[in-house]
$ cat data14.tsv   # TSV, C-alpha atoms
chain	number	residue	atom	x	y	z
V	16	MET	CA	0.00	0.00	0.00
V	17	THR	CA	1.33	3.43	-0.93
V	18	ARG	CA	1.78	6.26	1.51
V	19	THR	CA	-1.44	7.88	0.28
V	20	GLY	CA	-3.28	4.61	-0.43
V	21	GLU	CA	-4.32	4.24	3.18
V	22	TRP	CA	-6.47	7.34	2.86
V	23	ASP	CA	-8.12	6.48	-0.49
V	24	ALA	CA	-11.32	4.97	0.91
V	25	ALA	CA	-11.93	7.91	3.23
V	26	MET	CA	-11.21	10.36	0.44
V	27	ARG	CA	-13.72	8.65	-1.84
V	28	THR	CA	-16.28	8.96	0.94
V	29	ALA	CA	-15.41	12.66	1.25
V	30	LEU	CA	-15.91	13.11	-2.51
V	31	ARG	CA	-19.28	11.40	-2.26
V	32	LEU	CA	-20.26	13.71	0.59
V	33	ALA	CA	-19.13	16.72	-1.45
V	34	GLU	CA	-21.72	15.88	-4.10
V	35	GLY	CA	-24.34	17.28	-1.74
V	36	GLY	CA	-22.80	20.73	-1.99
V	37	PRO	CA	-23.62	23.63	-4.33
V	38	ALA	CA	-23.20	22.67	-7.99
V	39	THR	CA	-23.44	26.31	-9.09
V	40	GLY	CA	-22.25	29.61	-7.68
V	41	VAL	CA	-18.79	30.59	-6.45
V	42	ASN	CA	-18.56	28.07	-3.61
V	43	PRO	CA	-16.77	24.74	-4.11
V	44	ARG	CA	-18.25	21.38	-3.27
V	45	VAL	CA	-16.18	20.07	-0.36
V	46	GLY	CA	-16.50	16.93	1.75
V	47	CYS	CA	-14.72	15.89	4.94
V	48	VAL	CA	-14.30	12.63	6.88
V	49	ILE	CA	-12.71	12.50	10.35
V	50	LEU	CA	-10.99	9.30	11.42
V	51	ASP	CA	-9.90	8.26	14.89
V	52	ALA	CA	-6.43	6.92	15.70
V	53	GLU	CA	-7.50	3.42	14.57
V	54	GLY	CA	-8.74	4.70	11.23
V	55	ARG	CA	-12.44	4.44	12.05
V	56	THR	CA	-14.83	7.11	10.82
V	57	ILE	CA	-16.10	9.23	13.70
V	58	ALA	CA	-17.58	12.19	11.80
V	59	GLU	CA	-18.57	13.32	8.32
V	60	GLY	CA	-19.49	16.70	6.86
V	61	PHE	CA	-19.83	18.75	3.71
V	62	HIS	CA	-20.25	22.37	2.70
V	63	ARG	CA	-23.84	23.29	1.86
V	64	GLY	CA	-23.35	26.78	0.40
V	65	ALA	CA	-22.37	30.35	1.13
V	66	GLY	CA	-22.69	31.31	4.77
V	67	THR	CA	-22.96	27.73	6.03
V	68	ALA	CA	-20.29	25.78	7.88
V	69	HIS	CA	-17.29	24.63	5.88
V	70	ALA	CA	-17.01	20.88	5.40
V	71	GLU	CA	-14.36	20.52	8.11
V	72	VAL	CA	-16.36	22.55	10.63
V	73	ASP	CA	-19.54	20.69	9.69
V	74	ALA	CA	-17.82	17.39	10.52
V	75	LEU	CA	-16.24	18.70	13.73
V	76	SER	CA	-19.60	20.00	14.94
V	77	SER	CA	-20.91	16.45	15.34
V	78	LEU	CA	-18.16	15.57	17.82
V	79	PRO	CA	-18.10	16.35	21.54
V	80	GLU	CA	-15.50	18.78	22.85
V	81	GLY	CA	-12.10	17.09	22.58
V	82	GLY	CA	-13.55	14.39	20.33
V	83	ALA	CA	-11.19	15.23	17.46
V	84	THR	CA	-8.00	15.20	19.54
V	85	GLY	CA	-5.40	13.10	17.73
V	86	ALA	CA	-7.77	12.46	14.81
V	87	THR	CA	-7.18	12.63	11.05
V	88	ALA	CA	-9.28	14.93	8.88
V	89	VAL	CA	-9.62	13.79	5.26
V	90	VAL	CA	-10.92	16.62	3.07
V	91	THR	CA	-11.32	17.01	-0.69
V	92	LEU	CA	-9.88	20.55	-0.85
V	93	GLU	CA	-7.00	22.05	1.13
V	94	PRO	CA	-8.46	23.72	4.22
V	95	CYS	CA	-8.90	27.44	3.68
V	96	ASN	CA	-6.82	29.94	5.58
V	97	HIS	CA	-8.87	33.12	5.41
V	98	TRP	CA	-11.85	34.88	6.92
V	99	GLY	CA	-14.84	35.05	4.58
V	100	LEU	CA	-18.43	34.66	5.70
V	101	THR	CA	-17.02	32.12	8.13
V	102	GLY	CA	-13.63	31.59	9.76
V	103	PRO	CA	-10.61	29.70	8.41
V	104	CYS	CA	-10.83	25.91	8.48
V	105	SER	CA	-7.13	25.63	9.26
V	106	GLU	CA	-7.67	27.37	12.61
V	107	ALA	CA	-10.74	25.28	13.40
V	108	LEU	CA	-8.80	22.06	12.83
V	109	ILE	CA	-5.90	23.27	14.97
V	110	ALA	CA	-8.24	24.30	17.79
V	111	ALA	CA	-9.94	20.89	17.64
V	112	GLY	CA	-6.63	19.12	18.22
V	113	VAL	CA	-6.55	17.25	14.92
V	114	ALA	CA	-3.19	15.47	14.50
V	115	ARG	CA	-3.20	15.01	10.71
V	116	VAL	CA	-4.94	16.55	7.71
V	117	VAL	CA	-5.14	14.74	4.37
V	118	TYR	CA	-6.41	16.62	1.31
V	119	ALA	CA	-6.79	15.95	-2.40
V	120	VAL	CA	-6.39	19.28	-4.22
V	121	ALA	CA	-4.54	22.43	-3.20
V	122	ASP	CA	-6.65	25.57	-2.82
V	123	PRO	CA	-5.78	27.81	-5.81
V	124	GLY	CA	-7.08	30.97	-4.16
V	125	ARG	CA	-4.65	33.83	-3.73
V	126	HIS	CA	-6.28	34.89	-0.45
V	127	SER	CA	-7.61	31.58	0.83
V	128	SER	CA	-4.66	29.27	0.19
V	129	GLY	CA	-1.96	28.53	2.71
V	130	GLY	CA	-4.01	26.27	4.95
V	131	ALA	CA	-1.52	23.40	4.68
V	132	GLU	CA	1.37	25.66	5.64
V	133	ARG	CA	-0.54	27.06	8.61
V	134	LEU	CA	-1.37	23.55	9.81
V	135	ARG	CA	2.25	22.45	9.57
V	136	GLU	CA	3.33	25.53	11.52
V	137	ALA	CA	0.99	24.39	14.30
V	138	GLY	CA	2.51	20.89	14.36
V	139	VAL	CA	-0.24	19.17	12.38
V	140	ALA	CA	0.97	16.52	9.92
V	141	VAL	CA	-0.27	17.26	6.39
V	142	THR	CA	-0.55	14.97	3.36
V	143	GLY	CA	-1.71	16.41	0.03
V	144	GLY	CA	-2.53	14.99	-3.39
V	145	VAL	CA	-4.58	11.97	-2.29
V	146	LEU	CA	-6.85	10.97	-5.21
V	147	ALA	CA	-5.92	14.31	-6.75
V	148	GLU	CA	-6.93	13.25	-10.27
V	149	GLU	CA	-10.41	12.19	-9.18
V	150	ALA	CA	-10.86	15.33	-7.12
V	151	GLU	CA	-9.62	17.56	-9.96
V	152	ALA	CA	-12.20	15.99	-12.28
V	153	PHE	CA	-14.94	16.42	-9.67
V	154	LEU	CA	-14.04	20.08	-9.04
V	155	ASP	CA	-13.17	20.84	-12.66
V	156	ASP	CA	-15.60	23.71	-13.19
V	157	TRP	CA	-14.89	25.37	-9.84
V	158	LEU	CA	-11.13	24.97	-10.18
V	159	THR	CA	-11.21	26.44	-13.68
V	160	ALA	CA	-13.18	29.43	-12.45
V	161	ALA	CA	-10.94	29.87	-9.41
V	162	ARG	CA	-7.68	29.58	-11.33
V	163	LEU	CA	-8.70	31.84	-14.20
V	164	GLY	CA	-10.73	34.34	-12.19
V	165	ARG	CA	-13.80	33.92	-14.40
V	166	PRO	CA	-16.72	31.49	-14.78
V	167	TYR	CA	-16.42	28.09	-16.42
V	168	ILE	CA	-17.79	28.72	-19.91
V	169	THR	CA	-19.60	26.22	-22.13
V	170	VAL	CA	-20.40	27.24	-25.71
V	171	LYS	CA	-23.28	25.35	-27.27
V	172	TRP	CA	-24.55	25.15	-30.82
V	173	ALA	CA	-26.74	22.88	-32.90
V	174	SER	CA	-25.97	22.38	-36.56
V	175	THR	CA	-26.41	20.08	-39.50
V	176	LEU	CA	-23.61	17.72	-40.51
V	177	ASP	CA	-22.37	20.33	-42.96
V	178	GLY	CA	-22.02	22.86	-40.16
V	179	ARG	CA	-25.06	25.03	-40.83
V	180	ALA	CA	-27.04	26.50	-37.93
V	181	ALA	CA	-29.88	27.79	-40.12
V	182	ALA	CA	-31.29	27.61	-43.62
V	183	ALA	CA	-30.39	30.26	-46.19
V	184	ASP	CA	-33.55	32.24	-45.32
V	185	GLY	CA	-32.55	32.35	-41.65
V	186	THR	CA	-35.01	29.77	-40.33
V	187	SER	CA	-33.44	27.51	-37.72
V	188	LYS	CA	-36.15	26.07	-35.48
V	189	TRP	CA	-35.88	22.36	-34.64
V	190	ILE	CA	-32.61	21.51	-36.35
V	191	THR	CA	-32.26	18.72	-33.78
V	192	GLY	CA	-34.85	16.37	-32.32
V	193	ALA	CA	-36.67	16.30	-28.98
V	194	ALA	CA	-34.05	14.28	-27.09
V	195	ALA	CA	-31.24	16.66	-28.01
V	196	ARG	CA	-33.36	19.70	-27.20
V	197	GLN	CA	-34.21	18.27	-23.78
V	198	ARG	CA	-30.54	17.72	-23.05
V	199	VAL	CA	-29.95	21.40	-23.78
V	200	HIS	CA	-32.61	22.33	-21.23
V	201	GLU	CA	-30.90	20.11	-18.65
V	202	GLN	CA	-27.61	21.86	-19.37
V	203	ARG	CA	-29.31	25.21	-18.98
V	204	GLU	CA	-30.66	24.13	-15.59
V	205	ALA	CA	-27.15	23.11	-14.49
V	206	SER	CA	-25.77	26.57	-15.30
V	207	ASP	CA	-25.75	29.79	-13.32
V	208	ALA	CA	-26.32	31.95	-16.38
V	209	ILE	CA	-27.33	31.58	-20.02
V	210	VAL	CA	-25.75	34.10	-22.38
V	211	VAL	CA	-27.01	35.33	-25.74
V	212	GLY	CA	-26.40	38.35	-27.91
V	213	THR	CA	-28.88	41.07	-28.73
V	214	GLY	CA	-29.02	39.69	-32.28
V	215	THR	CA	-30.46	36.41	-31.04
V	216	VAL	CA	-32.99	38.19	-28.83
V	217	LEU	CA	-34.14	40.38	-31.73
V	218	ALA	CA	-34.26	37.55	-34.27
V	219	ASP	CA	-35.62	34.64	-32.22
V	220	ASP	CA	-37.20	36.20	-29.10
V	221	PRO	CA	-36.04	33.29	-26.87
V	222	SER	CA	-37.36	32.78	-23.35
V	223	LEU	CA	-33.96	31.43	-22.14
V	224	THR	CA	-35.65	29.23	-19.55
V	225	ALA	CA	-34.91	25.63	-18.65
V	226	ARG	CA	-37.98	23.51	-19.34
V	227	GLY	CA	-39.08	19.89	-18.96
V	228	ASP	CA	-40.56	17.50	-21.51
V	229	ALA	CA	-44.02	19.00	-21.12
V	230	GLY	CA	-42.78	22.59	-21.34
V	231	GLU	CA	-42.88	23.16	-17.58
V	232	LEU	CA	-40.24	25.27	-15.90
V	233	LEU	CA	-37.55	23.21	-14.22
V	234	ALA	CA	-36.74	23.78	-10.54
V	235	THR	CA	-33.55	25.73	-11.15
V	236	GLN	CA	-33.37	28.50	-13.74
V	237	PRO	CA	-30.23	30.11	-15.20
V	238	THR	CA	-30.06	33.89	-15.07
V	239	PRO	CA	-30.49	35.32	-18.59
V	240	VAL	CA	-27.64	37.52	-19.80
V	241	VAL	CA	-27.86	39.59	-22.99
V	242	VAL	CA	-24.64	40.90	-24.52
V	243	GLY	CA	-24.57	43.84	-26.92
V	244	THR	CA	-25.52	47.45	-27.36
V	245	ARG	CA	-28.74	47.24	-29.38
V	246	ALA	CA	-32.02	47.99	-27.64
V	247	VAL	CA	-34.33	45.11	-26.78
V	248	PRO	CA	-38.13	45.58	-27.04
V	249	ASN	CA	-39.97	45.87	-23.73
V	250	ASP	CA	-42.22	42.95	-24.68
V	251	ALA	CA	-39.33	40.56	-25.38
V	252	ALA	CA	-39.83	37.06	-23.93
V	253	VAL	CA	-36.64	37.36	-21.91
V	254	PHE	CA	-38.38	39.87	-19.62
V	255	ARG	CA	-40.82	37.13	-18.59
V	256	HIS	CA	-37.99	34.94	-17.31
V	257	PRO	CA	-38.28	34.00	-13.60
V	258	ASN	CA	-34.90	35.66	-12.98
V	259	PRO	CA	-34.19	39.31	-13.81
V	260	VAL	CA	-32.28	39.69	-17.05
V	261	ILE	CA	-28.76	41.10	-16.95
V	262	PHE	CA	-27.79	43.40	-19.80
V	263	GLU	CA	-24.09	43.66	-20.61
V	264	GLY	CA	-23.98	46.75	-22.78
V	265	THR	CA	-20.61	46.00	-24.31
V	266	HIS	CA	-18.91	43.77	-26.85
V	267	ASP	CA	-15.86	43.31	-24.62
V	268	LEU	CA	-16.26	39.68	-23.56
V	269	HIS	CA	-13.44	39.84	-21.02
V	270	GLN	CA	-15.36	42.63	-19.31
V	271	VAL	CA	-18.55	40.57	-19.51
V	272	VAL	CA	-17.10	37.44	-17.92
V	273	ALA	CA	-15.35	39.47	-15.23
V	274	ASP	CA	-18.69	41.00	-14.31
V	275	LEU	CA	-20.39	37.59	-14.26
V	276	ARG	CA	-17.70	36.28	-11.94
V	277	GLN	CA	-18.17	39.31	-9.69
V	278	ARG	CA	-21.87	38.48	-9.54
V	279	GLY	CA	-21.01	35.02	-8.20
V	280	PHE	CA	-21.61	32.91	-11.31
V	281	ARG	CA	-19.51	29.77	-11.69
V	282	ARG	CA	-21.00	28.04	-14.75
V	283	VAL	CA	-22.00	30.04	-17.82
V	284	TYR	CA	-23.80	28.55	-20.84
V	285	VAL	CA	-23.35	30.50	-24.07
V	286	GLU	CA	-26.20	29.85	-26.49
V	287	GLY	CA	-26.20	33.06	-28.41
V	288	GLY	CA	-25.87	32.24	-32.09
V	289	PRO	CA	-22.88	32.20	-34.48
V	290	THR	CA	-21.71	35.77	-33.85
V	291	LEU	CA	-21.46	35.47	-30.08
V	292	ALA	CA	-20.18	31.88	-30.14
V	293	SER	CA	-17.44	32.85	-32.58
V	294	ALA	CA	-16.45	35.82	-30.44
V	295	PHE	CA	-16.06	33.61	-27.36
V	296	VAL	CA	-13.95	31.13	-29.32
V	297	GLU	CA	-11.75	33.85	-30.81
V	298	ALA	CA	-11.26	35.42	-27.37
V	299	GLY	CA	-10.08	32.10	-25.92
V	300	LEU	CA	-12.90	32.10	-23.38
V	301	VAL	CA	-14.28	28.59	-23.94
V	302	ASP	CA	-13.72	25.78	-21.45
V	303	GLU	CA	-16.15	23.27	-22.95
V	304	TYR	CA	-18.10	22.78	-26.18
V	305	ALA	CA	-21.58	21.26	-26.31
V	306	ILE	CA	-22.13	20.48	-29.99
V	307	TYR	CA	-25.35	18.94	-31.28
V	308	LEU	CA	-25.27	17.49	-34.81
V	309	ALA	CA	-28.39	16.69	-36.80
V	310	PRO	CA	-28.21	14.12	-39.63
V	311	SER	CA	-29.17	16.62	-42.31
V	312	LEU	CA	-27.64	18.99	-44.83
V	313	LEU	CA	-28.61	22.59	-45.51
V	314	GLY	CA	-25.79	24.21	-47.46
V	315	GLY	CA	-25.83	27.96	-47.78
V	316	PRO	CA	-24.12	30.72	-45.80
V	317	ARG	CA	-25.57	30.19	-42.29
V	318	PHE	CA	-22.67	28.51	-40.50
V	319	ALA	CA	-22.65	27.64	-36.79
V	320	LEU	CA	-19.35	29.50	-36.42
V	321	GLY	CA	-17.99	32.49	-38.27
V	322	ASP	CA	-14.55	34.04	-38.15
V	323	ILE	CA	-12.62	32.86	-35.08
V	324	GLY	CA	-9.28	34.40	-35.97
V	325	VAL	CA	-7.83	31.39	-37.78
V	326	ALA	CA	-5.99	32.52	-40.89
V	327	THR	CA	-4.06	29.35	-41.69
V	328	ILE	CA	-4.31	25.64	-40.95
V	329	ALA	CA	-1.44	25.88	-38.48
V	330	ASP	CA	-3.62	28.12	-36.30
V	331	GLN	CA	-6.63	25.79	-36.15
V	332	ARG	CA	-8.31	25.47	-32.76
V	333	ARG	CA	-7.85	21.86	-31.77
V	334	LEU	CA	-10.35	20.10	-29.51
V	335	ARG	CA	-10.29	16.93	-27.46
V	336	ILE	CA	-13.56	15.01	-27.59
V	337	LEU	CA	-14.60	13.77	-24.16
V	338	ASP	CA	-17.93	12.14	-25.00
V	339	VAL	CA	-20.00	11.23	-28.04
V	340	GLU	CA	-23.61	10.32	-27.37
V	341	ARG	CA	-26.52	9.44	-29.61
V	342	LEU	CA	-29.70	11.32	-28.69
V	343	GLY	CA	-32.51	10.01	-30.85
V	344	GLY	CA	-31.28	10.57	-34.39
V	345	ASP	CA	-28.79	13.26	-33.38
V	346	LEU	CA	-25.25	13.24	-32.03
V	347	TYR	CA	-24.04	15.12	-28.99
V	348	LEU	CA	-20.32	15.88	-28.78
V	349	ARG	CA	-18.73	17.14	-25.59
V	350	ALA	CA	-15.28	18.56	-26.21
V	351	VAL	CA	-12.68	20.78	-24.59
V	352	PRO	CA	-9.99	22.98	-26.16
V	353	VAL	CA	-6.48	21.62	-26.49
V	354	PRO	CA	-4.40	24.58	-25.30
V	355	PRO	CA	-1.26	25.53	-27.21
V	356	PRO	CA	1.96	25.20	-25.20
V	357	ALA	CA	2.84	27.75	-22.54
V	358	THR	CA	-0.51	29.54	-22.41
V	359	ALA	CA	-1.27	29.10	-18.72
V	360	GLN	CA	-3.17	32.05	-17.35
V	361	GLN	CA	-3.68	32.96	-13.72
V	362	GLY	CA	-6.51	35.13	-12.45
V	363	ASP	CA	-7.01	36.77	-9.11
V	364	THR	CA	-8.53	33.83	-7.31
V	365	THR	CA	-10.23	33.39	-4.00
V	366	HIS	CA	-11.61	30.25	-2.37
V	367	GLN	CA	-15.05	31.51	-1.41
V	368	GLU	CA	-16.40	28.48	0.41
V	369	GLY	CA	-18.57	29.94	3.12

$ encode --input "data14.tsv" --output "structure tokens"
Amino acid sequence: MTRTGEWDAAMRTALRLAEGGPATGVNPRVGCVILDAEGRTIAEGFHRGAGTAHAEVDALSSLPEGGATGATAVVTLEPCNHWGLTGPCSEALIAAGVARVVYAVADPGRHSSGGAERLREAGVAVTGGVLAEEAEAFLDDWLTAARLGRPYITVKWASTLDGRAAAADGTSKWITGAAARQRVHEQREASDAIVVGTGTVLADDPSLTARGDAGELLATQPTPVVVGTRAVPNDAAVFRHPNPVIFEGTHDLHQVVADLRQRGFRRVYVEGGPTLASAFVEAGLVDEYAIYLAPSLLGGPRFALGDIGVATIADQRRLRILDVERLGGDLYLRAVPVPPPATAQQGDTTHQEG
């Protein structure tokens, strides 16, 4: 058994606990398991959202005073080391008398990181990187947002096999079938915000809601965001959305995504037509592609993507396909960009759990 292997089972339990946390918003999903000196589980906890106890504190709260003395805390994310809406987990663990802390992924936050160092300073043994790959995959969207200082951005389009998003006359309704369209609504529901351009609002008058098979509103609705400077009619369907619409009166997408991050959005779903989709791709602001392909051909000038700044084949934007799924007669492709070498970008990040 490896040095970290002895903690794998507890870490998998912590990851399972973390699934109960907030899937959207700026707070990470974090789980914690506390083991006694014999390796038996004596407490479990997870973070339920902004303002609630952190996972470590949630677990500690179920123990009597002194109950964590000499124990091991196994947590999916490095304990935070800052005051937010609640206090630092590193200090709570030290005060509880925990002897060892085991974590999966280091906290990337500029202000919240340093928990492991603080624990070591206090004489607590610290082991990091346990099941790091699994935890990175689980926290992928939050880690991306934290490291880049902006939301995790998915760009979606539906097109025919020859890459057209609409017929030559501009009509585009129902390119894909019911199963593919329902998957889109599920992806909307899983997002904090849905982003379109003013051109899409003026041409299609979308409601931008997440709906079920029978057209009913799903329990969670993404906030509608409209990008652009053109005026939108007062009777536009977007104004009937359950959430107030946000207007970003600019074409500067870096400014837009910075504002969305400031508003607390973690997952953003871009569904705004070829012009906006192309602008996000060209700006390098896409973390994931949701591409729906219908088994049909349209020809003509209405492509799903326009100019994305690629002038020669050497500059092509390469993607890595993660999943291919058949939805009725259509195909759904989930893909992520393959970054060119040495393009790592750091944002001003903060672990905002609690």

$ atom_distance --input "data14.tsv" --atom1 "atom CA of Ala147 of chain V" --atom2 "atom CA of Thr91 of chain V"
8.6 Å

$ residues_around --input "data14.tsv" --residues "Ala137 of chain V" --least-positions-apart "5" --cutoff "12 Å" --atoms "only C-alpha atoms" --output "list in words"
Ser105, Glu106, Ala107, Leu108, Ile109, Ala110, Ala111, Gly112, Val113, Ala114, Arg115, Val116, Gly130, Ala131 and Glu132 of chain V

$ residues_around --input "data14.tsv" --residues "segment 151-158 of chain V" --least-positions-apart "2" --cutoff "7 Å" --atoms "all atoms listed in the file" --output "list of chain:residue names"
V:Pro43, V:Val120, V:Ala147, V:Glu148, V:Glu149, V:Ala160, V:Ala161, V:Arg162, V:Tyr167, V:Arg281

$ atom_distance --input "data14.tsv" --atom1 "atom CA of Leu75 of chain V" --atom2 "atom CA of Pro123 of chain V"
24.0 Å

$ closest_residue --input "data14.tsv" --among "V:Leu134, V:Leu312, V:Val272, V:Val141" --to "Gly164 of chain V" --atoms "only C-alpha atoms"
V:Val272

$ closest_residue --input "data14.tsv" --among "V:Cys47, V:Leu32, V:Arg341, V:Val351" --to "Ala194 of chain V" --atoms "all atoms listed in the file"
V:Arg341

$ atom_distance --input "data14.tsv" --atom1 "atom CA of Leu334 of chain V" --atom2 "atom CA of Gly192 of chain V"
24.9 Å

$ residues_around --input "data14.tsv" --residues "Thr186 of chain V" --least-positions-apart "4" --cutoff "12 Å" --atoms "all atoms listed in the file" --output "number ranges by chain"
V: 179-182, 190, 218-219, 313, 315, 317

$ write_last_selection --input "data14.tsv" --atoms "C-alpha atoms" --output "PDB file, keeping the file's coordinate frame"
ATOM      1  CA  ARG V 179     -25.060  25.030 -40.830  1.00  0.00           C
ATOM      2  CA  ALA V 180     -27.040  26.500 -37.930  1.00  0.00           C
ATOM      3  CA  ALA V 181     -29.880  27.790 -40.120  1.00  0.00           C
ATOM      4  CA  ALA V 182     -31.290  27.610 -43.620  1.00  0.00           C
ATOM      5  CA  ILE V 190     -32.610  21.510 -36.350  1.00  0.00           C
ATOM      6  CA  ALA V 218     -34.260  37.550 -34.270  1.00  0.00           C
ATOM      7  CA  ASP V 219     -35.620  34.640 -32.220  1.00  0.00           C
ATOM      8  CA  LEU V 313     -28.610  22.590 -45.510  1.00  0.00           C
ATOM      9  CA  GLY V 315     -25.830  27.960 -47.780  1.00  0.00           C
ATOM     10  CA  ARG V 317     -25.570  30.190 -42.290  1.00  0.00           C
TER      11      ARG V 317
END

$ build_atoms --input "data14.tsv" --residues "segment 25-43 of chain V" --atoms "N, CA, C and O atoms" --output "PDB file, in the frame of the given file"
ATOM      1  N   ALA V  25     -11.334   6.749   2.550  1.00  0.00           N
ATOM      2  CA  ALA V  25     -11.930   7.910   3.230  1.00  0.00           C
ATOM      3  C   ALA V  25     -12.078   9.081   2.279  1.00  0.00           C
ATOM      4  O   ALA V  25     -13.076   9.813   2.345  1.00  0.00           O
ATOM      5  N   MET V  26     -11.108   9.252   1.386  1.00  0.00           N
ATOM      6  CA  MET V  26     -11.210  10.360   0.440  1.00  0.00           C
ATOM      7  C   MET V  26     -12.367  10.147  -0.535  1.00  0.00           C
ATOM      8  O   MET V  26     -13.073  11.103  -0.896  1.00  0.00           O
ATOM      9  N   ARG V  27     -12.576   8.908  -0.948  1.00  0.00           N
ATOM     10  CA  ARG V  27     -13.720   8.650  -1.840  1.00  0.00           C
ATOM     11  C   ARG V  27     -15.042   8.926  -1.117  1.00  0.00           C
ATOM     12  O   ARG V  27     -15.998   9.417  -1.719  1.00  0.00           O
ATOM     13  N   THR V  28     -15.091   8.619   0.164  1.00  0.00           N
ATOM     14  CA  THR V  28     -16.280   8.960   0.940  1.00  0.00           C
ATOM     15  C   THR V  28     -16.449  10.475   1.007  1.00  0.00           C
ATOM     16  O   THR V  28     -17.568  11.002   0.869  1.00  0.00           O
ATOM     17  N   ALA V  29     -15.344  11.191   1.198  1.00  0.00           N
ATOM     18  CA  ALA V  29     -15.410  12.660   1.250  1.00  0.00           C
ATOM     19  C   ALA V  29     -15.899  13.225  -0.083  1.00  0.00           C
ATOM     20  O   ALA V  29     -16.683  14.182  -0.113  1.00  0.00           O
ATOM     21  N   LEU V  30     -15.445  12.650  -1.184  1.00  0.00           N
ATOM     22  CA  LEU V  30     -15.910  13.110  -2.510  1.00  0.00           C
ATOM     23  C   LEU V  30     -17.400  12.837  -2.674  1.00  0.00           C
ATOM     24  O   LEU V  30     -18.130  13.654  -3.238  1.00  0.00           O
ATOM     25  N   ARG V  31     -17.847  11.695  -2.184  1.00  0.00           N
ATOM     26  CA  ARG V  31     -19.280  11.400  -2.260  1.00  0.00           C
ATOM     27  C   ARG V  31     -20.083  12.398  -1.425  1.00  0.00           C
ATOM     28  O   ARG V  31     -21.141  12.879  -1.852  1.00  0.00           O
ATOM     29  N   LEU V  32     -19.592  12.724  -0.246  1.00  0.00           N
ATOM     30  CA  LEU V  32     -20.260  13.710   0.590  1.00  0.00           C
ATOM     31  C   LEU V  32     -20.308  15.072  -0.106  1.00  0.00           C
ATOM     32  O   LEU V  32     -21.313  15.786  -0.041  1.00  0.00           O
ATOM     33  N   ALA V  33     -19.217  15.413  -0.784  1.00  0.00           N
ATOM     34  CA  ALA V  33     -19.130  16.720  -1.450  1.00  0.00           C
ATOM     35  C   ALA V  33     -20.199  16.892  -2.518  1.00  0.00           C
ATOM     36  O   ALA V  33     -20.580  18.018  -2.837  1.00  0.00           O
ATOM     37  N   GLU V  34     -20.696  15.790  -3.070  1.00  0.00           N
ATOM     38  CA  GLU V  34     -21.720  15.880  -4.100  1.00  0.00           C
ATOM     39  C   GLU V  34     -22.988  16.564  -3.609  1.00  0.00           C
ATOM     40  O   GLU V  34     -23.787  17.070  -4.399  1.00  0.00           O
ATOM     41  N   GLY V  35     -23.167  16.605  -2.295  1.00  0.00           N
ATOM     42  CA  GLY V  35     -24.340  17.280  -1.740  1.00  0.00           C
ATOM     43  C   GLY V  35     -24.206  18.779  -1.694  1.00  0.00           C
ATOM     44  O   GLY V  35     -25.171  19.477  -1.366  1.00  0.00           O
ATOM     45  N   GLY V  36     -23.035  19.290  -2.044  1.00  0.00           N
ATOM     46  CA  GLY V  36     -22.800  20.730  -1.990  1.00  0.00           C
ATOM     47  C   GLY V  36     -23.320  21.470  -3.200  1.00  0.00           C
ATOM     48  O   GLY V  36     -23.934  20.889  -4.103  1.00  0.00           O
ATOM     49  N   PRO V  37     -23.070  22.785  -3.259  1.00  0.00           N
ATOM     50  CA  PRO V  37     -23.620  23.630  -4.330  1.00  0.00           C
ATOM     51  C   PRO V  37     -22.949  23.368  -5.678  1.00  0.00           C
ATOM     52  O   PRO V  37     -21.739  23.527  -5.815  1.00  0.00           O
ATOM     53  N   ALA V  38     -23.746  22.963  -6.666  1.00  0.00           N
ATOM     54  CA  ALA V  38     -23.200  22.670  -7.990  1.00  0.00           C
ATOM     55  C   ALA V  38     -23.006  23.936  -8.819  1.00  0.00           C
ATOM     56  O   ALA V  38     -22.344  23.902  -9.861  1.00  0.00           O
ATOM     57  N   THR V  39     -23.604  25.032  -8.397  1.00  0.00           N
ATOM     58  CA  THR V  39     -23.440  26.310  -9.090  1.00  0.00           C
ATOM     59  C   THR V  39     -23.019  27.359  -8.073  1.00  0.00           C
ATOM     60  O   THR V  39     -22.958  27.096  -6.876  1.00  0.00           O
ATOM     61  N   GLY V  40     -22.703  28.553  -8.563  1.00  0.00           N
ATOM     62  CA  GLY V  40     -22.250  29.610  -7.680  1.00  0.00           C
ATOM     63  C   GLY V  40     -20.752  29.546  -7.433  1.00  0.00           C
ATOM     64  O   GLY V  40     -20.051  28.696  -7.974  1.00  0.00           O
ATOM     65  N   VAL V  41     -20.237  30.468  -6.619  1.00  0.00           N
ATOM     66  CA  VAL V  41     -18.790  30.590  -6.450  1.00  0.00           C
ATOM     67  C   VAL V  41     -18.212  29.625  -5.415  1.00  0.00           C
ATOM     68  O   VAL V  41     -17.001  29.501  -5.297  1.00  0.00           O
ATOM     69  N   ASN V  42     -19.056  28.935  -4.667  1.00  0.00           N
ATOM     70  CA  ASN V  42     -18.560  28.070  -3.610  1.00  0.00           C
ATOM     71  C   ASN V  42     -18.255  26.667  -4.111  1.00  0.00           C
ATOM     72  O   ASN V  42     -19.051  26.077  -4.850  1.00  0.00           O
ATOM     73  N   PRO V  43     -17.109  26.100  -3.685  1.00  0.00           N
ATOM     74  CA  PRO V  43     -16.770  24.740  -4.110  1.00  0.00           C
ATOM     75  C   PRO V  43     -17.553  23.695  -3.348  1.00  0.00           C
ATOM     76  O   PRO V  43     -18.032  23.930  -2.239  1.00  0.00           O
TER      77      PRO V  43
END
